[in-house]
file my_file31.cif (mmCIF, C-alpha atoms)
data_coords
loop_
_atom_site.label_atom_id
_atom_site.label_comp_id
_atom_site.auth_asym_id
_atom_site.auth_seq_id
_atom_site.Cartn_x
_atom_site.Cartn_y
_atom_site.Cartn_z
CA MET J 29 -255.22 -29.91 56.41
CA ILE J 30 -253.14 -27.72 54.11
CA PRO J 31 -251.91 -28.55 50.58
CA THR J 32 -248.15 -28.80 50.24
CA PRO J 33 -246.04 -28.90 47.07
CA PRO J 34 -244.94 -32.31 45.73
CA PRO J 35 -241.59 -33.45 47.11
CA ARG J 36 -238.37 -33.55 45.18
CA HIS J 37 -236.63 -36.78 44.19
CA ARG J 38 -239.75 -38.83 43.74
CA LEU J 39 -240.21 -41.28 40.91
CA PRO J 40 -243.92 -40.75 40.17
CA HIS J 41 -243.79 -42.38 36.75
CA SER J 42 -242.14 -45.62 37.82
CA PRO J 43 -244.00 -48.55 36.23
CA ALA J 44 -244.01 -50.44 39.54
CA PRO J 45 -243.36 -49.74 43.23
CA VAL J 46 -240.00 -51.47 42.73
CA SER J 47 -238.39 -50.54 39.42
CA TRP J 48 -234.94 -50.74 37.84
CA GLN J 49 -233.24 -47.37 37.28
CA ASP J 50 -230.20 -46.87 35.07
CA GLU J 51 -227.36 -44.63 36.21
CA PRO J 52 -226.07 -42.69 33.20
CA GLY J 53 -222.81 -40.87 33.66
CA THR J 54 -222.56 -37.13 34.18
CA ARG J 55 -219.77 -34.63 33.74
CA ASP J 56 -218.66 -35.28 37.32
CA ARG J 57 -219.50 -38.94 37.70
CA PRO J 58 -218.99 -42.07 35.58
CA PRO J 59 -221.97 -44.30 34.76
CA GLY J 60 -223.14 -46.54 37.57
CA PRO J 61 -224.42 -50.13 37.50
CA GLY J 62 -228.04 -49.10 38.12
CA PHE J 63 -230.26 -49.81 41.12
CA TRP J 64 -233.68 -50.91 42.25
CA ALA J 65 -235.82 -47.93 43.29
CA VAL J 66 -238.18 -48.72 46.18
CA THR J 67 -241.05 -46.26 46.35
CA ARG J 68 -243.79 -47.93 48.40
CA HIS J 69 -243.93 -47.69 52.20
CA ALA J 70 -244.39 -51.43 52.82
CA ASP J 71 -241.45 -52.32 50.59
CA ALA J 72 -239.31 -49.61 52.21
CA LEU J 73 -240.02 -51.12 55.64
CA ARG J 74 -239.22 -54.58 54.36
CA VAL J 75 -235.84 -53.42 53.07
CA LEU J 76 -234.91 -51.39 56.15
CA GLN J 77 -235.97 -54.05 58.64
CA ASP J 78 -234.20 -57.01 57.01
CA PRO J 79 -230.41 -56.54 57.23
CA ALA J 80 -229.79 -60.21 56.44
CA THR J 81 -231.23 -59.71 52.96
CA TYR J 82 -230.50 -56.02 52.40
CA SER J 83 -227.04 -55.24 53.71
CA SER J 84 -225.75 -51.86 54.88
CA LEU J 85 -222.16 -52.76 54.01
CA PRO J 86 -220.64 -50.56 51.28
CA GLY J 87 -221.33 -51.90 47.81
CA PRO J 88 -218.98 -52.11 44.83
CA GLY J 89 -217.52 -48.73 43.87
CA GLU J 90 -218.29 -47.10 47.23
CA PRO J 91 -215.48 -45.63 49.36
CA PRO J 92 -213.83 -48.31 51.54
CA LEU J 93 -213.74 -45.73 54.35
CA LEU J 94 -217.49 -46.25 54.76
CA ARG J 95 -216.73 -49.64 56.31
CA ARG J 96 -215.42 -47.81 59.36
CA LEU J 97 -218.82 -46.29 60.11
CA LEU J 98 -221.45 -47.96 62.28
CA SER J 99 -224.14 -46.95 59.79
CA HIS J 100 -222.45 -49.21 57.21
CA GLN J 101 -222.25 -52.25 59.46
CA ASP J 102 -224.59 -55.21 59.74
CA PRO J 103 -225.53 -57.34 62.75
CA PRO J 104 -224.01 -58.75 64.88
CA GLN J 105 -221.20 -56.14 64.83
CA HIS J 106 -223.69 -53.33 64.35
CA THR J 107 -225.93 -54.59 67.17
CA ARG J 108 -223.10 -54.74 69.69
CA LEU J 109 -221.72 -51.28 68.92
CA ARG J 110 -225.17 -49.72 68.78
CA GLU J 111 -225.97 -51.04 72.25
CA HIS J 112 -222.87 -49.34 73.65
CA ALA J 113 -223.78 -46.03 72.02
CA ALA J 114 -227.42 -46.27 73.09
CA GLY J 115 -226.31 -46.99 76.65
CA ALA J 116 -224.34 -43.73 76.66
CA LEU J 117 -227.10 -41.66 75.04
CA THR J 118 -229.55 -42.01 77.91
CA ALA J 119 -232.87 -40.21 78.19
CA GLU J 120 -231.54 -38.38 81.25
CA ARG J 121 -228.50 -37.12 79.32
CA VAL J 122 -230.74 -35.91 76.48
CA GLN J 123 -233.15 -34.11 78.81
CA ARG J 124 -230.29 -32.26 80.50
CA PHE J 125 -229.82 -30.38 77.24
CA THR J 126 -233.28 -28.82 77.32
CA ALA J 127 -232.36 -25.61 79.16
CA THR J 128 -229.13 -25.17 77.18
CA ALA J 129 -230.97 -25.67 73.89
CA HIS J 130 -233.58 -23.05 74.84
CA GLU J 131 -230.89 -20.55 75.79
CA ARG J 132 -228.96 -21.20 72.58
CA ALA J 133 -232.00 -20.88 70.30
CA ARG J 134 -233.12 -17.71 72.07
CA ALA J 135 -229.66 -16.14 71.86
CA LEU J 136 -229.22 -16.98 68.17
CA LEU J 137 -232.67 -15.62 67.33
CA THR J 138 -232.10 -12.43 69.32
CA ARG J 139 -228.76 -11.78 67.64
CA ALA J 140 -230.10 -12.52 64.17
CA LEU J 141 -233.20 -10.37 64.69
CA ASP J 142 -231.14 -7.45 65.97
CA THR J 143 -228.84 -7.68 62.95
CA ALA J 144 -231.76 -7.91 60.53
CA ARG J 145 -233.60 -4.95 62.04
CA ALA J 146 -230.43 -2.86 61.83
CA THR J 147 -230.00 -3.66 58.13
CA ASP J 148 -232.56 -4.75 55.56
CA GLY J 149 -235.08 -6.39 57.90
CA VAL J 150 -234.49 -9.87 56.47
CA LEU J 151 -233.48 -12.79 58.65
CA ASP J 152 -232.09 -16.04 57.19
CA LEU J 153 -233.40 -18.62 59.63
CA ALA J 154 -231.41 -21.43 58.00
CA THR J 155 -227.92 -19.96 58.08
CA ALA J 156 -228.20 -17.59 61.07
CA VAL J 157 -230.24 -19.75 63.43
CA SER J 158 -231.03 -23.40 62.70
CA ALA J 159 -227.62 -24.42 61.30
CA PRO J 160 -225.48 -23.06 64.18
CA TYR J 161 -228.11 -24.15 66.70
CA THR J 162 -228.02 -27.82 65.65
CA ALA J 163 -224.23 -27.86 65.16
CA LEU J 164 -223.47 -26.40 68.58
CA ASN J 165 -225.96 -28.70 70.28
CA LEU J 166 -224.16 -31.70 68.81
CA ALA J 167 -220.78 -30.28 69.77
CA ASP J 168 -222.02 -30.02 73.37
CA LEU J 169 -223.44 -33.55 73.34
CA LEU J 170 -220.19 -35.04 72.03
CA GLY J 171 -217.87 -32.85 74.07
CA VAL J 172 -216.13 -31.12 71.17
CA PRO J 173 -213.82 -28.52 72.79
CA HIS J 174 -214.64 -24.88 72.04
CA ALA J 175 -211.27 -24.44 70.35
CA ASP J 176 -212.19 -27.14 67.81
CA ARG J 177 -215.65 -25.85 66.92
CA ARG J 178 -214.23 -23.83 64.04
CA ARG J 179 -213.98 -27.24 62.34
CA LEU J 180 -217.76 -27.71 62.33
CA PRO J 181 -218.41 -26.30 58.83
CA GLY J 182 -215.94 -28.80 57.38
CA TRP J 183 -217.93 -31.65 58.90
CA THR J 184 -220.95 -30.84 56.71
CA GLY J 185 -219.12 -30.37 53.41
CA PRO J 186 -218.20 -32.78 50.59
CA HIS J 187 -215.25 -34.19 52.56
CA ALA J 188 -217.12 -34.58 55.85
CA LEU J 189 -216.41 -38.29 56.17
CA GLU J 190 -212.64 -37.84 55.86
CA ALA J 191 -212.72 -34.82 58.17
CA THR J 192 -214.67 -36.50 60.98
CA THR J 193 -212.77 -39.78 60.67
CA GLY J 194 -209.51 -37.88 60.93
CA TYR J 195 -210.69 -35.83 63.89
CA ALA J 196 -212.26 -38.62 65.96
CA PRO J 197 -209.01 -40.03 67.43
CA HIS J 198 -208.01 -36.57 68.67
CA LEU J 199 -211.38 -36.07 70.35
CA ILE J 200 -211.19 -39.51 71.99
CA VAL J 201 -207.70 -38.82 73.36
CA HIS J 202 -208.80 -35.40 74.61
CA ARG J 203 -211.80 -36.77 76.48
CA ARG J 204 -209.77 -39.55 78.04
CA ARG J 205 -207.40 -36.92 79.37
CA TYR J 206 -210.07 -34.36 80.25
CA PRO J 207 -213.31 -36.21 80.99
CA ASP J 208 -216.59 -34.33 81.11
CA ASP J 209 -220.33 -34.98 81.05
CA ASP J 210 -220.57 -35.82 77.35
CA LEU J 211 -221.07 -38.79 75.06
CA THR J 212 -217.47 -39.11 73.88
CA THR J 213 -216.21 -39.23 77.47
CA VAL J 214 -218.60 -42.09 78.29
CA LEU J 215 -217.63 -44.04 75.17
CA ALA J 216 -213.89 -43.34 75.54
CA HIS J 217 -213.95 -44.79 79.06
CA ASN J 218 -215.88 -47.91 78.03
CA ALA J 219 -213.35 -50.71 78.49
CA ARG J 220 -215.38 -53.07 76.29
CA LEU J 221 -214.83 -50.92 73.19
CA THR J 222 -211.60 -51.21 71.22
CA SER J 223 -209.89 -48.17 69.71
CA ASP J 224 -211.07 -49.24 66.25
CA GLU J 225 -214.65 -49.53 67.47
CA LEU J 226 -214.51 -46.12 69.10
CA GLU J 227 -213.21 -44.69 65.86
CA MET J 228 -216.27 -46.16 64.13
CA LEU J 229 -218.74 -44.70 66.60
CA VAL J 230 -217.50 -41.14 67.04
CA PRO J 231 -217.36 -40.16 63.32
CA LEU J 232 -220.82 -41.65 62.86
CA LEU J 233 -222.21 -39.52 65.68
CA LEU J 234 -220.51 -36.44 64.24
CA THR J 235 -221.68 -36.90 60.65
CA THR J 236 -225.17 -38.29 61.20
CA GLY J 237 -225.87 -35.77 63.93
CA LEU J 238 -224.82 -32.72 61.94
CA VAL J 239 -226.20 -32.76 58.39
CA PRO J 240 -229.54 -34.54 58.92
CA MET J 241 -230.35 -32.44 61.99
CA ARG J 242 -229.46 -29.22 60.17
CA ASP J 243 -231.67 -30.20 57.24
CA ALA J 244 -234.60 -31.40 59.36
CA ALA J 245 -234.67 -28.19 61.41
CA ALA J 246 -234.53 -25.82 58.44
CA GLY J 247 -236.88 -27.99 56.40
CA GLY J 248 -239.58 -27.91 59.05
CA LEU J 249 -239.32 -24.14 59.36
CA ALA J 250 -239.49 -23.80 55.58
CA LEU J 251 -242.73 -25.78 55.48
CA LEU J 252 -244.23 -23.60 58.22
CA ALA J 253 -243.16 -20.45 56.36
CA GLN J 254 -244.84 -21.78 53.22
CA HIS J 255 -248.00 -22.60 55.18
CA PRO J 256 -248.86 -19.55 57.33
CA GLU J 257 -252.13 -21.11 58.49
CA ALA J 258 -250.21 -23.98 60.05
CA TYR J 259 -247.86 -21.53 61.76
CA ARG J 260 -250.84 -19.65 63.20
CA GLU J 261 -252.34 -22.91 64.49
CA LEU J 262 -249.14 -23.66 66.38
CA ARG J 263 -248.93 -20.13 67.79
CA ASP J 264 -252.50 -20.05 69.05
CA GLY J 265 -252.30 -23.57 70.47
CA SER J 266 -254.91 -25.16 68.21
CA ALA J 267 -252.26 -27.57 66.93
CA GLU J 268 -249.91 -29.66 69.08
CA LEU J 269 -246.21 -29.20 68.43
CA ASP J 270 -245.19 -32.83 69.02
CA SER J 271 -247.50 -34.22 66.33
CA ALA J 272 -246.61 -31.29 64.07
CA ILE J 273 -242.92 -32.22 64.29
CA GLU J 274 -243.68 -35.73 63.03
CA GLU J 275 -245.64 -34.33 60.09
CA LEU J 276 -242.87 -31.87 59.21
CA LEU J 277 -240.38 -34.75 59.29
CA ARG J 278 -242.65 -36.76 56.99
CA LEU J 279 -242.91 -33.99 54.41
CA HIS J 280 -239.28 -32.91 54.67
CA PRO J 281 -237.18 -36.00 55.40
CA PRO J 282 -233.59 -34.92 56.05
CA LEU J 283 -232.40 -37.83 53.91
CA LEU J 284 -234.07 -38.39 50.56
CA THR J 285 -232.74 -41.88 49.92
CA ILE J 286 -231.29 -44.80 51.84
CA ARG J 287 -229.12 -47.35 50.04
CA ARG J 288 -228.80 -51.06 50.72
CA THR J 289 -227.14 -53.90 48.79
CA ALA J 290 -228.83 -57.25 48.24
CA ALA J 291 -226.86 -59.81 50.25
CA THR J 292 -228.58 -62.70 48.50
CA ASP J 293 -230.89 -63.35 45.56
CA THR J 294 -234.38 -62.32 46.63
CA GLU J 295 -237.76 -61.03 45.45
CA LEU J 296 -239.33 -57.66 46.23
CA SER J 297 -242.86 -56.84 45.04
CA GLY J 298 -242.58 -59.33 42.21
CA ARG J 299 -239.13 -58.18 41.08
CA ARG J 300 -236.14 -60.51 41.03
CA VAL J 301 -233.33 -58.80 42.91
CA ARG J 302 -229.94 -60.42 42.52
CA ARG J 303 -227.14 -60.60 45.03
CA GLY J 304 -224.88 -57.53 44.85
CA GLU J 305 -227.47 -55.22 43.25
CA LYS J 306 -228.16 -51.84 44.83
CA VAL J 307 -231.56 -51.23 46.40
CA VAL J 308 -232.46 -47.60 47.09
CA VAL J 309 -235.40 -46.54 49.26
CA PHE J 310 -236.95 -43.21 48.18
CA LEU J 311 -238.28 -41.74 51.41
CA ALA J 312 -240.22 -38.81 49.97
CA THR J 313 -242.19 -41.17 47.74
CA ALA J 314 -242.75 -43.72 50.49
CA HIS J 315 -244.09 -40.87 52.64
CA HIS J 316 -246.68 -40.14 49.94
CA ASP J 317 -248.01 -43.69 49.80
CA ALA J 318 -251.80 -43.30 49.82
CA GLN J 319 -252.18 -46.82 51.21
CA VAL J 320 -250.53 -45.62 54.41
CA PHE J 321 -251.13 -41.84 54.61
CA THR J 322 -254.58 -40.32 54.06
CA ALA J 323 -254.32 -37.30 51.71
CA PRO J 324 -250.51 -37.71 51.70
CA GLY J 325 -249.90 -34.47 49.82
CA ARG J 326 -251.38 -32.36 52.60
CA LEU J 327 -249.69 -30.90 55.65
CA ASP J 328 -251.82 -32.22 58.52
CA LEU J 329 -250.37 -31.12 61.86
CA ALA J 330 -252.63 -33.53 63.74
CA ARG J 331 -251.88 -36.56 61.55
CA THR J 332 -251.97 -39.77 63.56
CA PRO J 333 -250.70 -42.37 63.18
CA ASN J 334 -247.71 -41.06 61.27
CA PRO J 335 -245.34 -43.95 60.50
CA HIS J 336 -242.80 -41.88 58.56
CA LEU J 337 -239.30 -43.24 58.04
CA SER J 338 -237.36 -39.99 58.35
CA LEU J 339 -235.54 -41.25 61.43
CA GLY J 340 -234.97 -44.69 59.95
CA ALA J 341 -236.44 -48.08 60.78
CA GLY J 342 -235.25 -51.49 61.86
CA PRO J 343 -231.74 -51.95 63.28
CA HIS J 344 -230.61 -48.59 61.90
CA LEU J 345 -233.35 -46.55 63.58
CA CYS J 346 -231.72 -43.23 64.44
CA LEU J 347 -229.73 -43.52 67.67
CA GLY J 348 -230.35 -39.85 68.42
CA ALA J 349 -234.08 -39.80 67.63
CA ASP J 350 -235.01 -38.46 71.08
CA PHE J 351 -232.26 -35.82 70.90
CA ALA J 352 -233.44 -34.83 67.41
CA ARG J 353 -237.03 -34.38 68.54
CA LEU J 354 -235.93 -32.40 71.58
CA GLN J 355 -233.88 -30.02 69.42
CA LEU J 356 -236.72 -29.52 66.95
CA ARG J 357 -239.30 -28.90 69.66
CA VAL J 358 -237.11 -26.35 71.45
CA LEU J 359 -236.15 -24.52 68.26
CA TYR J 360 -239.72 -24.30 67.01
CA GLU J 361 -240.96 -23.12 70.42
CA GLU J 362 -238.44 -20.28 70.39
CA VAL J 363 -239.20 -19.30 66.79
CA LEU J 364 -242.94 -19.29 67.55
CA ARG J 365 -242.28 -17.07 70.56
CA ALA J 366 -239.97 -14.65 68.72
CA LEU J 367 -241.84 -14.27 65.42
CA PRO J 368 -245.60 -13.59 65.39
CA GLU J 369 -245.54 -14.41 61.66
CA LEU J 370 -243.17 -16.40 59.52
CA ARG J 371 -243.24 -14.31 56.33
CA LEU J 372 -240.99 -15.32 53.46
CA THR J 373 -239.19 -12.50 51.66
CA GLY J 374 -237.92 -14.57 48.75
CA PRO J 375 -237.52 -18.08 47.36
CA VAL J 376 -236.35 -20.97 49.49
CA PRO J 377 -233.37 -22.42 47.58
CA THR J 378 -232.44 -26.03 48.12
CA ASN J 379 -229.00 -27.49 47.77
CA GLY J 380 -229.38 -31.21 48.31
CA SER J 381 -227.10 -33.89 46.96
CA GLY J 382 -229.76 -36.34 45.88
CA ILE J 383 -229.26 -37.95 49.28
CA THR J 384 -229.48 -34.97 51.60
CA ASN J 385 -232.48 -32.64 51.63
CA ARG J 386 -230.93 -29.27 52.43
CA VAL J 387 -232.64 -25.89 52.66
CA ALA J 388 -229.76 -23.56 51.72
CA SER J 389 -231.50 -20.35 52.78
CA LEU J 390 -234.73 -19.37 54.52
CA PRO J 391 -235.22 -15.59 54.27
CA VAL J 392 -238.06 -14.26 56.44
CA ARG J 393 -239.18 -10.81 57.56
CA ALA J 394 -237.73 -9.88 60.95
CA GLY J 395 -240.94 -8.05 61.90
#

call {"tool": "encode", "arguments": {"input": "my_file31.cif", "output": "structure tokens"}}
result
Amino acid sequence: MIPTPPPRHRLPHSPAPVSWQDEPGTRDRPPGPGFWAVTRHADALRVLQDPATYSSLPGPGEPPLLRRLLSHQDPPQHTRLREHAAGALTAERVQRFTATAHERARALLTRALDTARATDGVLDLATAVSAPYTALNLADLLGVPHADRRRLPGWTGPHALEATTGYAPHLIVHRRRYPDDDLTTVLAHNARLTSDELEMLVPLLLTTGLVPMRDAAAGGLALLAQHPEAYRELRDGSAELDSAIEELLRLHPPLLTIRRTAATDTELSGRRVRRGEKVVVFLATAHHDAQVFTAPGRLDLARTPNPHLSLGAGPHLCLGADFARLQLRVLYEEVLRALPELRLTGPVPTNGSGITNRVASLPVRAG
């Protein structure tokens, strides 16, 4: 087991596992109404698994456009739409991407290594490999035409929601006209889904598949670069990659927080939560709950069980969890094969939003 630095966006000095946090204004944002911070694993599970009490619907002051996303719906609407999407994202369809993902990761690594060796010998694994790898995998899964893939960077920026919501109808029309073996084609030809419902599902798959996957992939590699002993264990086979992926997800959750709104007056760990108040789960802190995780501050590649919440829980458990794990396993296998050592050449800057957990750059020696 290897020590790892404390995570960002924890609330270690909170007086209780559920505590009220004010939201003072900043230069770019007016003051908010405040929220309940949930920092203990058991309480986080309670919030995420109880949509009747803790609603995913947008709260006061949040963009109305969020209501058009499946991730901001509650049962029964959410349940019905999720079942349609899950029926399209079959295990067989996911597994068919294995060979393509290997080829893509290998090609990106080869190109980036050749460029690095011809220049300063430094390879940025985040921008040159993991970001395009995860974006192009999602584009394949959803059937985004090659001519439209220049739009991908705009789907991870500050206006991603507007961009993907605006693009979704065009993609649906295209795949109705030119069907293929992809998720959008299956959904677009599902007669039980209305146009409005389709336009809820497709932007959700675009946005939730792009940014979190990008951040999970780069975050796991960053942890391995910061822990060379762990990288060696994976290369020599003394550590199993599947369990390692779960531990990397625990220590670098792609989302730092998950928001809910109390749908009714309730109580959480002795705190009176009133209807309409925001409740925010802090994943990094919940993943360091010593009542659940032995030595939670250590990177333990063999940790089991590992009930992290990085892929969600309850009705909003990540639809693409199997696809996410497949992408991570393939990428890490190819990096382990291509780089005998993962040697950092500089700092690992982060550029998260307080919600996302982004590794902006991961400079390593090309070897």

call {"tool": "resolve_selection", "arguments": {"input": "my_file31.cif", "expression": "the PyMOL selection byres ((chain J and resi 77) around 8)", "output": "MDAnalysis selection string"}}
result
chainID J and resid 73:76 78:79 341:343

call {"tool": "closest_residue", "arguments": {"input": "my_file31.cif", "among": "J:Leu284, J:Leu117, J:Leu199, J:Ala156", "to": "Leu169 of chain J", "atoms": "all atoms listed in the file"}}
result
J:Leu117

call {"tool": "atom_distance", "arguments": {"input": "my_file31.cif", "atom1": "atom CA of Thr212 of chain J", "atom2": "atom CA of Pro160 of chain J"}}
result
20.4 Å

call {"tool": "resolve_selection", "arguments": {"input": "my_file31.cif", "expression": "the PyMOL selection byres ((chain J and resi 46) around 7)", "output": "MDAnalysis selection string"}}
result
chainID J and resid 44:45 47 64:67 297 299

call {"tool": "resolve_selection", "arguments": {"input": "my_file31.cif", "expression": "the PyMOL selection byres ((chain J and resi 257) around 12)", "output": "VMD selection string"}}
result
chain J and resid 29 to 32 251 to 256 258 to 264 266 to 267 327 to 329 369 to 371

call {"tool": "residues_near_point", "arguments": {"input": "my_file31.cif", "point": "(-238.1, -10.1, 55.9)", "cutoff": "8 Å", "atoms": "only C-alpha atoms", "output": "list in words"}}
result
Asp148, Gly149, Val150, Leu151, Arg371, Leu372, Thr373, Pro391, Val392, Arg393, Ala394 and Gly395 of chain J

call {"tool": "closest_residue", "arguments": {"input": "my_file31.cif", "among": "J:Leu166, J:Leu180, J:Leu109, J:Ala119", "to": "Leu215 of chain J", "atoms": "all atoms listed in the file"}}
result
J:Leu109

call {"tool": "residues_around", "arguments": {"input": "my_file31.cif", "residues": "Ser338 of chain J", "least_positions_apart": "5", "cutoff": "12 Å", "atoms": "all atoms listed in the file", "output": "PDB file with C-alpha atoms, in the frame of the given file"}}
result
ATOM      1  CA  HIS J  69    -243.930 -47.690  52.200  1.00  0.00           C
ATOM      2  CA  ALA J  72    -239.310 -49.610  52.210  1.00  0.00           C
ATOM      3  CA  LEU J  73    -240.020 -51.120  55.640  1.00  0.00           C
ATOM      4  CA  LEU J  76    -234.910 -51.390  56.150  1.00  0.00           C
ATOM      5  CA  PRO J 240    -229.540 -34.540  58.920  1.00  0.00           C
ATOM      6  CA  MET J 241    -230.350 -32.440  61.990  1.00  0.00           C
ATOM      7  CA  ASP J 243    -231.670 -30.200  57.240  1.00  0.00           C
ATOM      8  CA  ALA J 244    -234.600 -31.400  59.360  1.00  0.00           C
ATOM      9  CA  ILE J 273    -242.920 -32.220  64.290  1.00  0.00           C
ATOM     10  CA  GLU J 274    -243.680 -35.730  63.030  1.00  0.00           C
ATOM     11  CA  GLU J 275    -245.640 -34.330  60.090  1.00  0.00           C
ATOM     12  CA  LEU J 276    -242.870 -31.870  59.210  1.00  0.00           C
ATOM     13  CA  LEU J 277    -240.380 -34.750  59.290  1.00  0.00           C
ATOM     14  CA  ARG J 278    -242.650 -36.760  56.990  1.00  0.00           C
ATOM     15  CA  LEU J 279    -242.910 -33.990  54.410  1.00  0.00           C
ATOM     16  CA  HIS J 280    -239.280 -32.910  54.670  1.00  0.00           C
ATOM     17  CA  PRO J 281    -237.180 -36.000  55.400  1.00  0.00           C
ATOM     18  CA  PRO J 282    -233.590 -34.920  56.050  1.00  0.00           C
ATOM     19  CA  LEU J 283    -232.400 -37.830  53.910  1.00  0.00           C
ATOM     20  CA  LEU J 284    -234.070 -38.390  50.560  1.00  0.00           C
ATOM     21  CA  THR J 285    -232.740 -41.880  49.920  1.00  0.00           C
ATOM     22  CA  ILE J 286    -231.290 -44.800  51.840  1.00  0.00           C
ATOM     23  CA  VAL J 309    -235.400 -46.540  49.260  1.00  0.00           C
ATOM     24  CA  PHE J 310    -236.950 -43.210  48.180  1.00  0.00           C
ATOM     25  CA  LEU J 311    -238.280 -41.740  51.410  1.00  0.00           C
ATOM     26  CA  ALA J 312    -240.220 -38.810  49.970  1.00  0.00           C
ATOM     27  CA  THR J 313    -242.190 -41.170  47.740  1.00  0.00           C
ATOM     28  CA  ALA J 314    -242.750 -43.720  50.490  1.00  0.00           C
ATOM     29  CA  HIS J 315    -244.090 -40.870  52.640  1.00  0.00           C
ATOM     30  CA  HIS J 344    -230.610 -48.590  61.900  1.00  0.00           C
ATOM     31  CA  LEU J 345    -233.350 -46.550  63.580  1.00  0.00           C
ATOM     32  CA  CYS J 346    -231.720 -43.230  64.440  1.00  0.00           C
ATOM     33  CA  ALA J 349    -234.080 -39.800  67.630  1.00  0.00           C
ATOM     34  CA  ALA J 352    -233.440 -34.830  67.410  1.00  0.00           C
ATOM     35  CA  ARG J 353    -237.030 -34.380  68.540  1.00  0.00           C
ATOM     36  CA  THR J 384    -229.480 -34.970  51.600  1.00  0.00           C
ATOM     37  CA  ASN J 385    -232.480 -32.640  51.630  1.00  0.00           C
TER      38      ASN J 385
END

call {"tool": "atom_distance", "arguments": {"input": "my_file31.cif", "atom1": "atom CA of Thr155 of chain J", "atom2": "atom CA of Val387 of chain J"}}
result
9.3 Å

call {"tool": "closest_residue", "arguments": {"input": "my_file31.cif", "among": "J:Leu296, J:Ser84, J:Ala175, J:Asn165", "to": "Ala127 of chain J", "atoms": "only C-alpha atoms"}}
result
J:Asn165

call {"tool": "closest_residue", "arguments": {"input": "my_file31.cif", "among": "J:Thr332, J:Thr292, J:Thr184, J:Ser99", "to": "Val230 of chain J", "atoms": "only C-alpha atoms"}}
result
J:Ser99

call {"tool": "closest_residue", "arguments": {"input": "my_file31.cif", "among": "J:Leu354, J:Leu233, J:Ala113, J:Ala159", "to": "His130 of chain J", "atoms": "all atoms listed in the file"}}
result
J:Leu354

call {"tool": "build_atoms", "arguments": {"input": "my_file31.cif", "residues": "segment 143-153 of chain J", "atoms": "N, CA, C and O atoms", "output": "PDB file, in the coordinates of the input"}}
result
ATOM      1  N   THR J 143    -229.604  -7.979  64.168  1.00  0.00           N
ATOM      2  CA  THR J 143    -228.840  -7.680  62.950  1.00  0.00           C
ATOM      3  C   THR J 143    -229.764  -7.347  61.797  1.00  0.00           C
ATOM      4  O   THR J 143    -229.531  -6.384  61.048  1.00  0.00           O
ATOM      5  N   ALA J 144    -230.838  -8.137  61.642  1.00  0.00           N
ATOM      6  CA  ALA J 144    -231.760  -7.910  60.530  1.00  0.00           C
ATOM      7  C   ALA J 144    -232.455  -6.553  60.658  1.00  0.00           C
ATOM      8  O   ALA J 144    -232.593  -5.816  59.673  1.00  0.00           O
ATOM      9  N   ARG J 145    -232.879  -6.221  61.861  1.00  0.00           N
ATOM     10  CA  ARG J 145    -233.600  -4.950  62.040  1.00  0.00           C
ATOM     11  C   ARG J 145    -232.680  -3.750  61.850  1.00  0.00           C
ATOM     12  O   ARG J 145    -233.142  -2.652  61.516  1.00  0.00           O
ATOM     13  N   ALA J 146    -231.375  -3.958  62.034  1.00  0.00           N
ATOM     14  CA  ALA J 146    -230.430  -2.860  61.830  1.00  0.00           C
ATOM     15  C   ALA J 146    -229.989  -2.738  60.373  1.00  0.00           C
ATOM     16  O   ALA J 146    -229.315  -1.773  60.016  1.00  0.00           O
ATOM     17  N   THR J 147    -230.398  -3.701  59.543  1.00  0.00           N
ATOM     18  CA  THR J 147    -230.000  -3.660  58.130  1.00  0.00           C
ATOM     19  C   THR J 147    -231.230  -3.643  57.235  1.00  0.00           C
ATOM     20  O   THR J 147    -231.951  -2.653  57.192  1.00  0.00           O
ATOM     21  N   ASP J 148    -231.470  -4.744  56.534  1.00  0.00           N
ATOM     22  CA  ASP J 148    -232.560  -4.750  55.560  1.00  0.00           C
ATOM     23  C   ASP J 148    -233.845  -5.392  56.074  1.00  0.00           C
ATOM     24  O   ASP J 148    -234.814  -5.556  55.323  1.00  0.00           O
ATOM     25  N   GLY J 149    -233.869  -5.804  57.330  1.00  0.00           N
ATOM     26  CA  GLY J 149    -235.080  -6.390  57.900  1.00  0.00           C
ATOM     27  C   GLY J 149    -235.319  -7.831  57.529  1.00  0.00           C
ATOM     28  O   GLY J 149    -236.387  -8.379  57.817  1.00  0.00           O
ATOM     29  N   VAL J 150    -234.332  -8.480  56.897  1.00  0.00           N
ATOM     30  CA  VAL J 150    -234.490  -9.870  56.470  1.00  0.00           C
ATOM     31  C   VAL J 150    -233.600 -10.768  57.313  1.00  0.00           C
ATOM     32  O   VAL J 150    -232.407 -10.494  57.503  1.00  0.00           O
ATOM     33  N   LEU J 151    -234.168 -11.820  57.812  1.00  0.00           N
ATOM     34  CA  LEU J 151    -233.480 -12.790  58.650  1.00  0.00           C
ATOM     35  C   LEU J 151    -233.422 -14.121  57.923  1.00  0.00           C
ATOM     36  O   LEU J 151    -234.451 -14.626  57.455  1.00  0.00           O
ATOM     37  N   ASP J 152    -232.230 -14.710  57.798  1.00  0.00           N
ATOM     38  CA  ASP J 152    -232.090 -16.040  57.190  1.00  0.00           C
ATOM     39  C   ASP J 152    -232.109 -17.072  58.315  1.00  0.00           C
ATOM     40  O   ASP J 152    -231.097 -17.309  58.978  1.00  0.00           O
ATOM     41  N   LEU J 153    -233.261 -17.670  58.525  1.00  0.00           N
ATOM     42  CA  LEU J 153    -233.400 -18.620  59.630  1.00  0.00           C
ATOM     43  C   LEU J 153    -232.517 -19.846  59.457  1.00  0.00           C
ATOM     44  O   LEU J 153    -232.103 -20.452  60.450  1.00  0.00           O
TER      45      LEU J 153
END
